[in-house]
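Asks: Okay, so here is work35.csv, and as you'll see once you scroll down, it has CSV, C-alpha atoms and all ligand atoms.
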chain,number,residue,atom,x,y,z
A,868,MET,CA,17.3,18.1,14.5
A,869,THR,CA,19.3,15.2,13.1
A,870,GLN,CA,20.4,15.3,9.5
A,871,ARG,CA,21.4,12.6,7.2
A,872,LEU,CA,24.7,12.6,5.3
A,873,LYS,CA,24.3,13.7,1.7
A,874,VAL,CA,25.3,11.4,-1.1
A,875,GLY,CA,27.5,13.0,-3.8
A,876,GLU,CA,26.5,13.3,-7.4
A,877,ARG,CA,28.7,10.6,-8.8
A,878,GLU,CA,27.6,8.2,-6.1
A,879,ARG,CA,23.9,9.0,-6.7
A,880,GLU,CA,24.5,8.1,-10.4
A,881,PHE,CA,26.1,4.8,-9.3
A,882,LEU,CA,23.0,4.1,-7.2
A,883,ARG,CA,20.6,5.2,-9.9
A,884,THR,CA,22.1,2.8,-12.4
A,885,ARG,CA,21.8,-0.1,-9.9
A,886,TYR,CA,18.2,0.8,-9.1
A,887,ARG,CA,17.3,1.0,-12.8
A,888,GLY,CA,18.7,-2.4,-13.3
A,889,PHE,CA,16.9,-3.8,-10.3
A,890,TYR,CA,13.5,-2.4,-11.4
A,891,TYR,CA,14.1,-3.5,-15.0
A,892,ARG,CA,14.8,-7.1,-13.9
A,893,ASN,CA,12.0,-7.3,-11.3
A,894,LEU,CA,9.2,-5.3,-12.9
A,895,ASP,CA,6.9,-8.3,-12.9
A,896,LYS,CA,7.5,-9.0,-9.3
A,897,LEU,CA,6.9,-5.5,-8.1
A,898,TRP,CA,4.1,-5.4,-5.6
A,899,MET,CA,1.1,-3.3,-6.8
A,900,PRO,CA,-1.4,-1.8,-4.4
A,901,ARG,CA,-5.0,-2.9,-5.0
A,902,SER,CA,-7.3,-0.2,-6.4
A,903,LEU,CA,-4.2,1.6,-7.7
A,904,PRO,CA,-6.2,4.3,-9.6
A,905,GLU,CA,-7.5,5.4,-6.2
A,906,ARG,CA,-4.1,5.8,-4.6
A,907,GLU,CA,-1.8,8.8,-4.3
A,908,ILE,CA,1.7,7.9,-5.4
A,909,GLY,CA,4.9,9.7,-4.3
A,910,PHE,CA,8.5,9.5,-5.5
A,911,LEU,CA,11.7,10.6,-3.9
A,912,THR,CA,14.0,11.5,-6.8
A,913,PHE,CA,17.7,11.1,-7.0
A,914,GLY,CA,17.8,14.9,-7.0
A,915,TYR,CA,16.6,14.9,-3.3
A,916,THR,CA,13.1,16.1,-4.2
A,917,TYR,CA,9.8,14.6,-3.1
A,918,ARG,CA,7.1,14.4,-5.8
A,919,ARG,CA,3.7,13.8,-4.3
A,920,HIS,CA,0.1,13.7,-5.6
A,921,LEU,CA,0.9,11.5,-8.6
A,922,SER,CA,-1.7,9.0,-9.8
A,923,PHE,CA,-1.8,6.2,-12.3
A,924,THR,CA,-4.7,4.6,-14.2
A,925,ASP,CA,-3.2,1.1,-14.2
A,926,ASP,CA,-0.3,-1.0,-13.1
A,927,ALA,CA,1.4,-0.8,-16.6
A,928,GLU,CA,1.5,3.0,-16.5
A,929,PHE,CA,2.8,3.0,-13.0
A,930,LYS,CA,5.6,0.4,-13.8
A,931,ALA,CA,6.5,2.2,-17.0
A,932,THR,CA,7.0,5.5,-15.0
A,933,ILE,CA,9.1,3.7,-12.4
A,934,LEU,CA,11.4,2.4,-15.2
A,935,ARG,CA,11.5,5.8,-17.0
A,936,GLU,CA,12.1,7.9,-13.9
A,937,THR,CA,13.9,5.4,-11.6
A,938,PRO,CA,12.9,7.0,-8.3
A,939,TRP,CA,15.1,6.6,-5.2
A,940,GLY,CA,12.1,5.9,-3.1
A,941,ILE,CA,8.5,4.9,-4.1
A,942,PHE,CA,5.6,5.5,-1.8
A,943,TYR,CA,1.8,5.0,-2.0
A,944,SER,CA,-1.1,6.3,0.0
A,945,ILE,CA,-2.7,3.9,2.5
A,946,SER,CA,-5.9,5.9,1.7
A,947,TYR,CA,-8.2,5.5,-1.3
A,948,TYR,CA,-9.4,8.7,-3.0
A,949,ASP,CA,-11.8,9.8,-5.7
A,950,ASP,CA,-9.2,12.1,-7.0
A,951,PRO,CA,-5.8,11.0,-5.7
A,952,GLY,CA,-3.8,13.3,-7.9
A,953,ASN,CA,-5.4,16.5,-6.5
A,954,ALA,CA,-2.7,18.4,-4.6
A,955,VAL,CA,-5.2,19.7,-2.0
A,956,MET,CA,-5.7,16.9,0.6
A,957,GLU,CA,-9.3,18.1,1.4
A,958,ARG,CA,-10.2,17.8,-2.3
A,959,LYS,CA,-9.0,14.3,-2.9
A,960,GLY,CA,-12.3,12.8,-1.7
A,961,TRP,CA,-11.3,10.3,1.0
A,962,LYS,CA,-13.0,6.9,0.6
A,963,GLY,CA,-11.2,4.7,3.1
A,964,ALA,CA,-7.7,3.6,4.2
A,965,ASP,CA,-5.8,0.3,4.9
A,966,LEU,CA,-4.7,-0.2,8.4
A,967,VAL,CA,-1.0,-0.1,8.8
A,968,PHE,CA,1.4,-0.2,11.7
A,969,ASP,CA,5.0,0.8,11.9
A,970,ILE,CA,7.3,-0.8,14.4
A,971,ASP,CA,10.4,1.5,14.6
A,972,ILE,CA,13.3,-0.4,16.0
A,973,LYS,CA,14.7,2.9,17.6
A,974,ASP,CA,11.6,3.1,19.8
A,975,LEU,CA,12.3,-0.4,21.2
A,976,GLU,CA,15.6,1.0,22.5
A,977,PRO,CA,17.7,-2.1,21.9
A,978,PRO,CA,21.0,-1.8,23.8
A,979,CYS,CA,23.0,-2.3,20.5
A,980,LEU,CA,22.0,1.1,19.2
A,981,LYS,CA,24.5,2.7,21.6
A,982,GLU,CA,27.2,0.3,20.3
A,983,HIS,CA,26.7,0.9,16.6
A,984,ASP,CA,24.9,4.3,16.0
A,985,PHE,CA,27.4,7.2,15.7
A,986,LEU,CA,27.9,10.8,14.9
A,987,LEU,CA,30.1,12.0,12.1
A,988,CYS,CA,31.2,15.5,13.0
A,989,ASP,CA,33.3,16.7,10.0
A,990,ASP,CA,35.7,13.8,9.9
A,991,GLN,CA,35.5,12.8,13.5
A,992,VAL,CA,33.5,9.8,14.6
A,993,LEU,CA,31.8,10.1,18.0
A,994,PRO,CA,29.6,7.6,19.8
A,995,TYR,CA,25.9,8.5,19.8
A,996,THR,CA,24.5,8.3,23.3
A,997,GLY,CA,21.2,10.1,23.0
A,998,ALA,CA,19.2,12.8,21.3
A,999,GLY,CA,20.8,15.5,23.4
A,1000,ASP,CA,24.2,14.9,21.8
A,1001,LEU,CA,23.3,17.0,18.8
A,1002,SER,CA,22.0,20.1,20.6
A,1003,GLY,CA,24.1,23.1,19.7
A,1004,ASP,CA,26.2,21.3,17.1
A,1005,GLY,CA,25.0,21.8,13.6
A,1006,GLY,CA,28.1,20.2,12.1
A,1007,CYS,CA,27.3,16.6,13.2
A,1008,LYS,CA,25.4,14.1,11.3
A,1009,LYS,CA,23.7,11.1,13.0
A,1010,VAL,CA,24.2,7.7,11.3
A,1011,ASP,CA,21.7,4.9,12.1
A,1012,TRP,CA,23.0,1.4,11.8
A,1013,ILE,CA,21.4,-2.1,11.8
A,1014,CYS,CA,22.6,-5.4,13.2
A,1015,PRO,CA,21.0,-8.8,13.8
A,1016,LEU,CA,20.3,-8.0,17.5
A,1017,CYS,CA,18.1,-4.9,16.8
A,1018,ILE,CA,16.4,-6.7,13.9
A,1019,ASP,CA,15.6,-9.5,16.4
A,1020,ASP,CA,14.1,-7.0,18.8
A,1021,GLY,CA,12.0,-5.6,15.9
A,1022,LYS,CA,10.8,-9.2,15.2
A,1023,ASP,CA,9.8,-9.6,18.8
A,1024,GLY,CA,7.8,-6.3,18.6
A,1025,VAL,CA,6.0,-7.7,15.5
A,1026,LEU,CA,5.1,-10.9,17.2
A,1027,LYS,CA,3.5,-9.0,20.1
A,1028,LEU,CA,1.5,-6.9,17.7
A,1029,LEU,CA,0.4,-10.0,15.7
A,1030,ASP,CA,-0.8,-11.7,18.9
A,1031,VAL,CA,-3.1,-8.8,19.8
A,1032,LEU,CA,-4.3,-8.3,16.3
A,1033,THR,CA,-5.3,-11.9,15.9
A,1034,ARG,CA,-6.5,-12.8,19.5
A,1035,ASP,CA,-8.1,-9.5,20.6
A,1036,PHE,CA,-9.2,-7.9,17.3
A,1037,GLY,CA,-10.0,-11.2,15.7
A,1038,ILE,CA,-8.2,-10.3,12.5
A,1039,SER,CA,-7.5,-13.4,10.3
A,1040,PRO,CA,-3.7,-14.0,10.0
A,1041,GLY,CA,-4.4,-14.3,6.2
A,1042,ASP,CA,-5.3,-10.6,6.1
A,1043,ILE,CA,-2.1,-9.5,7.7
A,1044,GLN,CA,1.1,-8.9,5.8
A,1045,VAL,CA,4.4,-8.2,7.6
A,1046,TYR,CA,7.3,-6.4,5.8
A,1047,TYR,CA,10.8,-5.6,6.8
A,1048,SER,CA,11.2,-1.9,5.8
A,1049,GLY,CA,14.7,-2.3,4.4
A,1050,HIS,CA,16.1,-0.2,7.2
A,1051,ARG,CA,15.1,0.0,10.9
A,1052,GLY,CA,11.5,-1.0,11.0
A,1053,PHE,CA,8.8,-3.4,10.3
A,1054,HIS,CA,5.5,-2.5,8.6
A,1055,VAL,CA,2.4,-4.5,9.3
A,1056,HIS,CA,-0.4,-4.0,6.6
A,1057,ILE,CA,-4.0,-5.1,7.1
A,1058,GLU,CA,-6.3,-5.1,4.2
A,1059,ASP,CA,-9.5,-6.1,5.8
A,1060,GLY,CA,-12.7,-4.8,4.3
A,1061,GLU,CA,-14.3,-3.7,7.6
A,1062,LEU,CA,-11.2,-1.9,8.9
A,1063,VAL,CA,-10.7,0.1,5.7
A,1064,SER,CA,-13.7,2.3,6.6
A,1065,LEU,CA,-12.3,3.3,10.0
A,1066,ASP,CA,-12.1,7.0,10.0
A,1067,ARG,CA,-9.6,9.5,11.5
A,1068,ARG,CA,-11.5,9.5,14.8
A,1069,SER,CA,-11.5,5.7,15.3
A,1070,ARG,CA,-7.9,5.0,14.5
A,1071,PRO,CA,-6.5,6.6,17.7
A,1072,GLN,CA,-8.6,4.1,19.7
A,1073,ILE,CA,-6.7,1.3,18.1
A,1074,THR,CA,-3.3,2.8,18.8
A,1075,GLU,CA,-4.4,3.6,22.4
A,1076,TYR,CA,-5.4,-0.1,22.9
A,1077,LEU,CA,-2.1,-1.4,21.5
A,1078,THR,CA,0.2,1.0,23.3
A,1079,LEU,CA,-1.9,0.7,26.5
A,1080,SER,CA,-1.7,4.5,26.8
A,1081,GLY,CA,-5.1,4.6,28.3
A,1082,VAL,CA,-4.3,2.2,31.1
A,1083,ASP,CA,-3.5,3.6,34.5
A,1084,PRO,CA,-1.4,1.1,36.4
A,1085,LYS,CA,-2.7,2.4,39.7
A,1086,SER,CA,-6.3,1.4,38.8
A,1087,ILE,CA,-5.7,-1.9,37.1
A,1088,TRP,CA,-6.8,-3.8,40.2
A,1089,ARG,CA,-10.4,-2.6,39.5
A,1090,LEU,CA,-10.4,-4.8,36.3
A,1091,LEU,CA,-9.5,-7.9,38.2
A,1092,PRO,CA,-12.1,-10.6,39.0
A,1093,LEU,CA,-13.5,-11.0,42.5
A,1094,ALA,CA,-14.7,-14.6,42.1
A,1095,GLU,CA,-13.1,-17.7,40.7
A,1096,GLY,CA,-15.8,-18.0,38.1
A,1097,GLU,CA,-14.9,-14.6,36.6
A,1098,MET,CA,-11.3,-15.7,35.8
A,1099,ASN,CA,-12.5,-17.6,32.7
A,1100,SER,CA,-14.4,-14.6,31.3
A,1101,LEU,CA,-11.4,-12.2,31.4
A,1102,MET,CA,-10.8,-10.6,28.0
A,1103,GLY,CA,-8.4,-8.2,26.3
A,1104,TRP,CA,-5.8,-6.4,28.4
A,1105,PRO,CA,-7.0,-7.5,31.8
A,1106,LYS,CA,-6.6,-11.1,30.6
A,1107,ARG,CA,-3.1,-10.4,29.2
A,1108,ILE,CA,-2.0,-8.7,32.4
A,1109,VAL,CA,-3.1,-11.6,34.5
A,1110,GLU,CA,-1.5,-14.1,32.1
A,1111,ARG,CA,1.8,-12.2,32.1
A,1112,ALA,CA,1.8,-11.8,35.9
A,1113,SER,CA,1.1,-15.5,36.2
A,1114,GLN,CA,4.3,-16.1,34.2
A,1115,VAL,CA,6.4,-13.6,36.1
A,1116,LEU,CA,5.2,-14.8,39.5
A,1117,ASN,CA,5.1,-18.4,38.4
A,1118,ARG,CA,1.6,-18.9,39.8
A,1119,PRO,CA,-1.4,-20.5,38.2
A,1120,MET,CA,-4.2,-18.2,36.7
A,1121,THR,CA,-6.6,-18.6,39.6
A,1122,LEU,CA,-8.3,-16.2,42.0
A,1123,PRO,CA,-5.4,-16.1,44.5
A,1124,LEU,CA,-3.2,-14.7,41.7
A,1125,ALA,CA,-5.8,-11.9,41.1
A,1126,ASN,CA,-5.8,-11.2,44.8
A,1127,VAL,CA,-2.0,-10.9,44.8
A,1128,LEU,CA,-2.3,-8.4,41.9
A,1129,ARG,CA,-5.0,-6.5,43.7
A,1130,LYS,CA,-2.7,-6.0,46.6
A,1131,ALA,CA,0.1,-5.1,44.2
A,1132,LYS,CA,-1.5,-1.7,43.8
A,1133,ARG,CA,0.7,-1.0,46.9
A,1134,PHE,CA,3.8,-2.1,45.1
A,1135,ASN,CA,3.2,-0.8,41.6
A,1136,SER,CA,6.5,-1.9,40.2
A,1137,LEU,CA,5.1,-5.3,39.5
A,1138,ILE,CA,2.2,-3.9,37.6
A,1139,ASP,CA,4.4,-1.3,35.9
A,1140,GLY,CA,6.8,-4.1,34.8
A,1141,VAL,CA,4.0,-6.3,33.5
A,1142,ILE,CA,2.4,-3.4,31.5
A,1143,ASP,CA,5.8,-2.4,30.1
A,1144,ASP,CA,6.3,-5.9,28.9
A,1145,LEU,CA,3.0,-6.0,27.2
A,1146,ARG,CA,2.9,-2.5,25.8
A,1147,ILE,CA,3.2,-2.6,22.0
A,1148,SER,CA,5.6,-0.1,20.5
A,1149,ILE,CA,4.1,1.3,17.4
A,1150,ASP,CA,4.4,4.8,15.9
A,1151,PRO,CA,0.9,6.1,16.6
A,1152,GLN,CA,1.2,8.8,13.9
A,1153,VAL,CA,1.6,6.2,11.2
A,1154,THR,CA,-1.6,4.4,12.1
A,1155,GLN,CA,-3.6,7.6,12.7
A,1156,ASP,CA,-2.5,9.8,9.9
A,1157,ILE,CA,-4.6,8.7,6.9
A,1158,SER,CA,-3.0,11.3,4.6
A,1159,ARG,CA,0.4,9.5,4.9
A,1160,ILE,CA,2.2,7.9,2.0
A,1161,PHE,CA,4.0,4.6,2.8
A,1162,ARG,CA,6.9,2.8,1.2
A,1163,LEU,CA,5.8,0.5,-1.6
A,1164,PRO,CA,6.4,-3.2,-0.7
A,1165,THR,CA,9.2,-4.8,-2.8
A,1166,SER,CA,10.6,-1.3,-3.7
A,1167,LEU,CA,14.1,-0.3,-2.6
A,1168,ASN,CA,14.8,1.7,0.6
A,1169,GLU,CA,16.9,4.8,-0.3
A,1170,LYS,CA,18.6,4.7,3.1
A,1171,THR,CA,20.2,1.3,2.5
A,1172,GLY,CA,19.5,0.0,-1.0
A,1173,LEU,CA,17.7,-3.0,0.7
A,1174,ARG,CA,14.3,-4.1,-0.5
A,1175,LYS,CA,11.1,-3.7,1.6
A,1176,THR,CA,10.6,-7.4,1.9
A,1177,ARG,CA,7.7,-9.6,3.0
A,1178,CYS,CA,8.3,-11.8,6.0
A,1179,ASP,CA,5.8,-14.6,5.7
A,1180,ASP,CA,7.0,-16.3,8.8
A,1181,ILE,CA,8.4,-13.7,11.2
A,1182,MET,CA,10.3,-16.3,13.2
A,1183,SER,CA,12.3,-17.8,10.3
A,1184,CYS,CA,12.5,-14.6,8.3
A,1185,ASP,CA,16.1,-13.3,7.9
A,1186,PRO,CA,15.7,-9.7,6.8
A,1187,LEU,CA,19.5,-8.9,6.5
A,1188,VAL,CA,19.8,-11.7,4.0
A,1189,GLU,CA,16.4,-11.7,2.2
A,1190,SER,CA,16.3,-8.0,1.5
A,1191,VAL,CA,19.6,-8.0,-0.3
A,1192,VAL,CA,19.0,-7.7,-4.1
A,1193,PHE,CA,22.3,-6.6,-5.6
A,1194,ASP,CA,25.1,-8.9,-6.7
A,1195,ASP,CA,28.5,-9.3,-5.2
A,1196,ASP,CA,30.5,-7.9,-8.1
A,1197,PRO,CA,33.4,-5.9,-6.4
A,1198,VAL,CA,33.2,-2.1,-6.2
A,1199,LYS,CA,36.3,-0.1,-5.1
A,1200,LEU,CA,35.4,2.4,-2.4
A,1201,HIS,CA,36.9,5.0,-0.1
A,1202,VAL,CA,35.2,4.4,3.2
A,1203,THR,CA,35.1,7.2,5.7
A,1204,TYR,CA,33.9,5.1,8.5
A,1205,ALA,CA,31.6,2.1,8.9
A,1206,PRO,CA,30.9,-0.1,12.0
A,1207,LYS,CA,30.8,-3.8,11.5
A,1208,LEU,CA,28.1,-4.7,9.1
A,1209,ASP,CA,26.2,-8.0,8.8
A,1210,LEU,CA,24.6,-8.3,5.4
A,1211,GLY,CA,23.8,-11.1,3.0
A,1212,GLY,CA,25.0,-13.7,5.4
A,1213,TYR,CA,28.6,-12.3,5.8
A,1214,THR,CA,30.2,-9.8,8.1
A,1215,TYR,CA,32.1,-6.7,6.8
A,1216,GLY,CA,34.2,-4.2,8.5
A,1217,PRO,CA,34.6,-2.2,10.6
A,1218,TYR,CA,36.3,0.3,8.3
A,1219,ARG,CA,38.1,3.6,9.0
A,1220,LYS,CA,39.5,5.8,6.3
A,1221,THR,CA,40.4,3.0,4.0
A,1222,THR,CA,40.1,2.1,0.3
A,1223,VAL,CA,38.6,-1.4,-0.1
A,1224,ARG,CA,36.8,-3.6,-2.7
A,1225,LEU,CA,33.4,-4.7,-1.5
A,1226,PRO,CA,30.5,-6.6,-3.0
A,1227,THR,CA,28.0,-4.4,-4.9
A,1228,PHE,CA,25.3,-4.8,-2.2
A,1229,VAL,CA,27.6,-3.7,0.6
A,1230,ALA,CA,28.9,-0.8,-1.6
A,1231,VAL,CA,25.3,0.3,-2.2
A,1232,PHE,CA,24.6,0.2,1.5
A,1233,LEU,CA,27.6,2.3,2.5
A,1234,VAL,CA,27.2,4.8,-0.4
A,1235,SER,CA,23.5,5.2,0.5
A,1236,LYS,CA,24.5,6.0,4.1
A,1237,GLY,CA,26.9,8.7,2.7
A,1238,LEU,CA,29.9,6.9,4.3
A,1239,ALA,CA,31.7,5.9,1.1
A,1240,LYS,CA,32.8,7.4,-2.2
A,1241,LEU,CA,33.6,5.6,-5.4
A,1242,ALA,CA,37.3,5.0,-5.9
A,1243,ILE,CA,37.3,4.5,-9.7
B,1301,ZN,ZN,21.7,-3.4,16.5
Re-express the file's structure as structure tokens.
Replies:
Amino acid sequence: MTQRLKVGEREREFLRTRYRGFYYRNLDKLWMPRSLPEREIGFLTFGYTYRRHLSFTDDAEFKATILRETPWGIFYSISYYDDPGNAVMERKGWKGADLVFDIDIKDLEPPCLKEHDFLLCDDQVLPYTGAGDLSGDGGCKKVDWICPLCIDDGKDGVLKLLDVLTRDFGISPGDIQVYYSGHRGFHVHIEDGELVSLDRRSRPQITEYLTLSGVDPKSIWRLLPLAEGEMNSLMGWPKRIVERASQVLNRPMTLPLANVLRKAKRFNSLIDGVIDDLRISIDPQVTQDISRIFRLPTSLNEKTGLRKTRCDDIMSCDPLVESVVFDDDPVKLHVTYAPKLDLGGYTYGPYRKTTVRLPTFVAVFLVSKGLAKLAI
């Protein structure tokens, strides 16, 4: 089991002071869930404890508590309840839930993860090459990093998801909000009246559709049209598969293409490749688990000090710039180790056992990762 590096007490106080300042200055801009009195709220405190089953009667009370307690992480339930503060899940009285999707960049397996993720074993830095590296070695901590390349892969994953949600599910783009999580993911929130009532049993069907987990590549040919007239009536995944194959094989979307694919059951690598291209990588647990609490949009991510930030236009959105909220006042730090970091439009590092003055937003990032101590 991977563990995060712990942040020392002095460093947590440094972070807490910055977080308090941020929430004080941005209280008006803090995103508030609709129907707040029906939501469960959770806080991660700077003492490393999770407080769940909190509830608030209105936005003012919620915001006042955020200012007073300055949580490290702020979470809200995607579900609506009669009694959200009840600590027994079954007694909360479930009324409905927003539909949310989590695109975890790690699951997209971008090649850069092997370049920048690492293990810190006591004071030694080791490359991280896979989950097996940690077996039998309790002294090692895994450190996850971010760079523009993996963020771009995440954005591609979001675009694939948005395409299916709008074209196949008919969800209006205006009902979909995309957020960069502030670390290694994107969250897609849908607040559509009809979808809110989808229960625990229906949600897996959505994730199955998106991840193509129910599609057997060997039997895909059965879904293909046998007559030219049927090509126009193709819908959903069969249509997407034919479309993608048309691009891969550079052939028009006509019956001869369907015939090629039908024969492709004999060389499944073509179909496997097409399905792999189309499969949407979402964390099924996040969409299916309606008792989950989710990071509050516009709040700070305790893993980085970056804000969970709305990406209105995923193509032009620049998460590693737009999620930076702290200033560039210099902070002197002892850095144990840090790979190259692209943040706020500049590149920092790499650093190895060095004392350096860095802008506050970079200092907050490295301290949050447990890789730097204050040198004051
Ligand atoms: Zn990367």
Asks: Excluding Gly1024 of chain A and its own-chain neighbours fewer than 3 positions away, which residues fall within 9 Å of it when counting all atoms listed in the file? Please give them as a VMD selection string.
Replies: chain A and resid 970 972 975 1019 to 1021 1027 to 1029 1053 1147 to 1149
Asks: Enumerate as an NGL selection string the residues within 10 Å of ligand ZN 1301 (chain B), counting only C-alpha atoms and all ligand atoms.
Replies: :A and (972-973 or 976-984 or 1011-1021 or 1051 or 1208)
Asks: Might you pull out every residue within 8 Å of segment 959-965 of chain A, with all atoms listed in the file counted and same-chain residues fewer than 4 positions away left off, and present them as number ranges by chain?
Replies: A: 945-955, 1056-1059, 1062-1066, 1157
Asks: Do you know which residues are at most 6 Å from Phe1232 of chain A counting all atoms listed in the file, after dropping those on the same chain fewer than 2 positions away, and could you put them as a PyMOL selection string?
Replies: chain A and resi 1171-1172+1229-1230+1234-1235
Asks: Let's have the selection written as a CSV table (one decimal), in the frame of the given file, with C-alpha atoms.
Replies:
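Output file again.csv is given in full below:
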chain,number,residue,atom,x,y,z
A,1171,THR,CA,20.2,1.3,2.5
A,1172,GLY,CA,19.5,0.0,-1.0
A,1229,VAL,CA,27.6,-3.7,0.6
A,1230,ALA,CA,28.9,-0.8,-1.6
A,1234,VAL,CA,27.2,4.8,-0.4
A,1235,SER,CA,23.5,5.2,0.5
Asks: Using all atoms listed in the file, which of the listed residues (A:Pro1119, A:Gly909, A:Gly888, A:Gly1140) sits closest to Thr937 of chain A?
Replies: A:Gly888
Asks: So that I can see what lies close to Arg919 of chain A, please list as a PyMOL selection string the residues with an atom at most 12 Å from it, counting all atoms listed in the file and leaving out residues fewer than 3 positions away in the same chain.
Replies: chain A and resi 906-912+916+922+940-944+951-956+1158-1161
Asks: What is the atom CA of Asp1143 of chain A to atom CA of Ile1073 of chain A distance in Å?
Replies: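 It comes out at 17.7 Å.
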Asks: Could you tell me how far atom CA of Pro900 of chain A sits from atom CA of Ser1183 of chain A, in Å to one decimal place?
Replies: 25.7 Å
Asks: Kindly give the distance, in Å, that separates atom CA of Ile1043 of chain A and atom CA of Leu1101 of chain A, rounded to a single decimal.
Replies: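 Interatomic distance here is 25.6 Å.
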Asks: For Arg1224 of chain A, find every residue with an atom within 8 Å (counting all atoms listed in the file), except residues of its own chain fewer than 2 positions away, and show them as a PyMOL selection string.
Replies: chain A and resi 1197-1200+1222+1226
